[in-house]
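Notes follow once the structure below has been shown.
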Amino acid sequence: MKPRKLSAHATVKDDAAQWQQRSAYLADILDGLPSAMIVLDAAGMIVEANLAAIEMLGEPLEGERWRTIISRAFSPQDDDGYEISLKDGRLIKFVTRPLKCGSGQIIVLTDLTETRQLQARVAHLQRLSSLGKMVASLAHQVRTPLSAAMLYAANLGNESLNPVAREKFQKKLLDRLKDLECQVSDMLLFARSGEGLSTGQVSSQQLLTSIEQAVEVMVEQHKATLEVLLPEPDQILAGNASALSSAISNLVHNALQANASRIQVKAHPEGESLHLCVSDNGSGIAPHMIERIQEPFYTTRSQGTGLGLAVVKAVVQAHQGELKIRSQMNIGTQVCICLPLVEGLQAPLASEVVGE
């Protein structure tokens, strides 16, 4: 009997030693990760934190309430977008996952400060490289409608002009001035997109409703029909409502220029993204042209700036989204702006993360 007891005791000791060795091994792995990792229990208490978390958020961490750390280390800003600012100015991305074995949460925090600064710098340099083209395009594109507008204005000064002709010249003058306004607006939005855009929470229902009102007259003038489908329930984005509205209005304008008689604008969630799609039954786009038409200053229309889709793409990139285009010749086109939903940003700061 005694040898058996000693054998069993030795087995337990070996198991304990292996468990300790395994725990130390896993702890070394966690401490070696570049991202901060925090484990919360069901009550929102921090039960585990690696070295990167301590370096990012300071001590103490283990044994503290997560909400206490939020108050101590975080300072959310209006322009944070899909990251959250620390009090020292760094931008942090959150990912949260529930624990598979037991209740609680794993929070992964990644410092994206340098990445975002580099992206902003690259985008700034790209826009600077386009300034020369923009100036040349502005001079060329503005000259044509401006010359026409001056001619129509001169004709309106003719006292012998009959009422029918006067009305005709007034309409043409107004059309040319609208062309000028559209071209200048496109260029300004392209130049500014991604820089200095204030962000906030955007209701997709309110966004689509405002777009419907903004393009109503334009759609009626082209004798087309517009269908707007609002998402149910409402989906919330983090972004600039004005820039997004301009981008989607640009897509509607493009559809009308492609001789579409029916246009549909809808928003629907897919996974962690919201797809804002404009579909039409216009002339379509040849497959080899889809990439080309997204380039700044490329246009197939004599009165175009070539900035319509470039503006849309710039706005989408500023919102960390993706632009998808599907088209068939003589059937129609669908352009989708795919943007991340705001839930992923709010989750780590919400009460459900700490189980309250």
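Naming scheme: A, B, ... for chains in displayed order of the structure tokens; residues 1 onward per chain; ligands 1 onward as shown.
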
What lies within 7 Å of Arg97 (chain A) using only C-alpha atoms, ignoring chain neighbours under 2 positions off, as a PDB file with C-alpha atoms, in the first residue's frame?
```pdb
ATOM      1  CA  VAL A  95     -11.657  44.338 -29.727  1.00  0.00           C
ATOM      2  CA  LEU A  99     -14.735  34.056 -22.588  1.00  0.00           C
ATOM      3  CA  GLN A 105     -14.642  39.273 -21.341  1.00  0.00           C
ATOM      4  CA  ILE A 106     -11.279  39.463 -23.071  1.00  0.00           C
ATOM      5  CA  ILE A 107     -10.348  42.979 -24.182  1.00  0.00           C
TER       6      ILE A 107
END
```

Exercise for the section: Pick out the residues sitting within 10 Å of Arg72 (chain A), and hand them over as a PyMOL selection string; count only C-alpha atoms, and ignore anything fewer than 6 positions along from it in its own chain. Expected result: chain A and resi 57-58+66+86-87

Practice task
Write down as an MDAnalysis selection string the residues of region 68-298 of chain A whose backbone DSSP state falls under alpha helix (DSSP H).
Solution key: chainID A and resid 68:73 113:156 163:192 204:221 241:257

How would the residues just chosen look if you wrote them out with C-alpha atoms as a tab-separated table (two decimals), in the first residue's frame?
```
chain	number	residue	atom	x	y	z
A	68	THR	CA	-12.08	52.77	-12.87
A	69	ILE	CA	-9.43	52.25	-15.55
A	70	ILE	CA	-11.67	53.90	-18.15
A	71	SER	CA	-11.96	57.02	-15.98
A	72	ARG	CA	-8.26	56.97	-15.17
A	73	ALA	CA	-6.73	56.37	-18.59
A	113	THR	CA	-1.40	56.19	-33.17
A	114	GLU	CA	1.59	55.79	-35.50
A	115	THR	CA	-0.47	53.92	-38.08
A	116	ARG	CA	-3.11	56.65	-38.26
A	117	GLN	CA	-0.45	59.38	-38.38
A	118	LEU	CA	1.28	57.60	-41.26
A	119	GLN	CA	-2.01	57.09	-43.11
A	120	ALA	CA	-2.89	60.76	-42.67
A	121	ARG	CA	0.55	61.78	-43.92
A	122	VAL	CA	0.31	59.56	-47.00
A	123	ALA	CA	-3.20	60.83	-47.77
A	124	HIS	CA	-1.99	64.42	-47.37
A	125	LEU	CA	0.91	63.85	-49.77
A	126	GLN	CA	-1.40	62.20	-52.29
A	127	ARG	CA	-3.71	65.20	-52.19
A	128	LEU	CA	-0.77	67.57	-52.56
A	129	SER	CA	0.38	65.66	-55.63
A	130	SER	CA	-3.07	66.18	-57.11
A	131	LEU	CA	-3.13	69.94	-56.53
A	132	GLY	CA	-1.41	70.71	-59.84
A	133	LYS	CA	-3.96	68.65	-61.74
A	134	MET	CA	-6.74	70.24	-59.72
A	135	VAL	CA	-5.64	73.79	-60.57
A	136	ALA	CA	-5.38	72.93	-64.27
A	137	SER	CA	-8.74	71.17	-64.20
A	138	LEU	CA	-10.34	74.06	-62.32
A	139	ALA	CA	-9.10	76.58	-64.89
A	140	HIS	CA	-10.35	74.46	-67.78
A	141	GLN	CA	-13.64	73.27	-66.31
A	142	VAL	CA	-14.69	76.63	-64.87
A	143	ARG	CA	-13.83	78.57	-68.03
A	144	THR	CA	-16.41	76.81	-70.22
A	145	PRO	CA	-19.55	77.26	-68.08
A	146	LEU	CA	-18.35	80.71	-67.00
A	147	SER	CA	-18.01	81.86	-70.62
A	148	ALA	CA	-21.45	80.48	-71.40
A	149	ALA	CA	-22.94	82.16	-68.33
A	150	MET	CA	-21.44	85.51	-69.34
A	151	LEU	CA	-22.89	85.12	-72.84
A	152	TYR	CA	-26.38	84.35	-71.52
A	153	ALA	CA	-26.16	87.26	-69.06
A	154	ALA	CA	-25.20	89.59	-71.92
A	155	ASN	CA	-28.20	88.40	-73.96
A	156	LEU	CA	-30.48	89.10	-71.01
A	163	PRO	CA	-40.30	86.95	-72.95
A	164	VAL	CA	-39.87	83.41	-74.33
A	165	ALA	CA	-36.23	83.99	-75.29
A	166	ARG	CA	-35.57	85.79	-72.00
A	167	GLU	CA	-36.90	82.83	-70.02
A	168	LYS	CA	-34.77	80.48	-72.15
A	169	PHE	CA	-31.56	82.46	-71.46
A	170	GLN	CA	-32.41	82.74	-67.75
A	171	LYS	CA	-32.73	78.96	-67.50
A	172	LYS	CA	-29.47	78.39	-69.37
A	173	LEU	CA	-27.69	80.93	-67.18
A	174	LEU	CA	-28.96	79.23	-64.03
A	175	ASP	CA	-27.90	75.81	-65.35
A	176	ARG	CA	-24.35	77.01	-66.02
A	177	LEU	CA	-24.11	78.60	-62.57
A	178	LYS	CA	-25.27	75.31	-61.03
A	179	ASP	CA	-22.54	73.52	-63.00
A	180	LEU	CA	-20.00	75.92	-61.55
A	181	GLU	CA	-21.28	75.38	-58.03
A	182	CYS	CA	-21.18	71.60	-58.44
A	183	GLN	CA	-17.63	71.61	-59.82
A	184	VAL	CA	-16.27	73.87	-57.09
A	185	SER	CA	-18.04	71.83	-54.39
A	186	ASP	CA	-16.55	68.60	-55.76
A	187	MET	CA	-13.06	70.05	-55.77
A	188	LEU	CA	-13.35	71.46	-52.26
A	189	LEU	CA	-14.68	68.18	-50.89
A	190	PHE	CA	-11.93	66.22	-52.64
A	191	ALA	CA	-9.27	68.58	-51.28
A	192	ARG	CA	-10.64	68.43	-47.73
A	204	SER	CA	-28.35	56.00	-41.10
A	205	GLN	CA	-32.11	56.68	-41.18
A	206	GLN	CA	-31.60	60.42	-40.78
A	207	LEU	CA	-28.74	60.34	-43.31
A	208	LEU	CA	-30.84	58.68	-46.03
A	209	THR	CA	-33.81	60.93	-45.29
A	210	SER	CA	-31.66	64.05	-45.72
A	211	ILE	CA	-30.21	62.67	-48.97
A	212	GLU	CA	-33.71	62.01	-50.32
A	213	GLN	CA	-34.63	65.64	-49.67
A	214	ALA	CA	-31.35	66.93	-51.15
A	215	VAL	CA	-31.66	65.09	-54.49
A	216	GLU	CA	-35.44	65.37	-54.89
A	217	VAL	CA	-35.38	68.30	-57.32
A	218	MET	CA	-32.50	66.84	-59.34
A	219	VAL	CA	-34.34	63.52	-59.73
A	220	GLU	CA	-37.56	65.27	-60.78
A	221	GLN	CA	-35.70	67.33	-63.38
A	241	ALA	CA	-22.86	63.35	-41.95
A	242	SER	CA	-22.27	66.19	-44.43
A	243	ALA	CA	-19.42	64.40	-46.23
A	244	LEU	CA	-21.36	61.13	-46.40
A	245	SER	CA	-24.43	62.95	-47.69
A	246	SER	CA	-22.37	64.64	-50.41
A	247	ALA	CA	-20.79	61.32	-51.41
A	248	ILE	CA	-24.11	59.49	-51.75
A	249	SER	CA	-25.71	62.46	-53.52
A	250	ASN	CA	-22.81	62.25	-55.98
A	251	LEU	CA	-23.70	58.61	-56.66
A	252	VAL	CA	-27.32	59.58	-57.36
A	253	HIS	CA	-26.11	62.32	-59.71
A	254	ASN	CA	-23.89	59.79	-61.51
A	255	ALA	CA	-26.87	57.46	-61.93
A	256	LEU	CA	-28.90	60.25	-63.52
A	257	GLN	CA	-26.00	61.08	-65.84
```

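You can rank A:Ile54, A:Ile92, A:Val316, A:Ile236 by their closest distance to Ala267 (chain A) using only C-alpha atoms, and at the top of that list sits A:Ile236.
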
Exercise for the section: Per DSSP on the backbone, filter region 46-294 of chain A down to the residues in strand (DSSP E or B) and report them as number ranges by chain. Expected result: A: 46-49, 65, 74, 84-86, 91-98, 105-111, 200-203, 225-229, 236-239, 262-270, 273-280

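Take the candidates A:Pro287, A:Lys324, A:Arg262, A:Asp111 and check each one against His222 (chain A) using only C-alpha atoms; the shortest distance goes to A:Arg262.
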
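Ranking A:Asn281, A:Ala310, A:Ser203, A:Leu274 by their shortest atom-to-atom distance to Glu295 (chain A), with only C-alpha atoms included, puts A:Ala310 first.
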
Fill in the blank from the handout: One residue among A:Cys277, A:Leu61, A:Ala52, A:Ala260 is nearest to Asn330 (chain A) when using only C-alpha atoms, and that residue is A:Ala260

Exercise for the section: Can you work out the spacing between CA of Leu229 (chain A) and CA of Val265 (chain A) in Å, to one decimal? Expected result: 6.3 Å

Exercise for the section: Enter the distance from CA of Thr199 (chain A) to CA of Cys338 (chain A), in Å, rounded to one decimal. Expected result: 16.9 Å

Handout entry: Selected residue, from A:Ile285, A:Leu109, A:Ile46, A:Ile293, that lies nearest to Val311 (chain A) when counting only C-alpha atoms
Key = A:Ile293

Handout entry: Closest of A:Leu339, A:Val108, A:Met289, A:Leu40 to Ala53 (chain A) - atom-to-atom distances counting only C-alpha atoms
Key = A:Val108

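Pairwise distance (CA of Ile38 (chain A), CA of Glu270 (chain A)) equals 28.2 Å.
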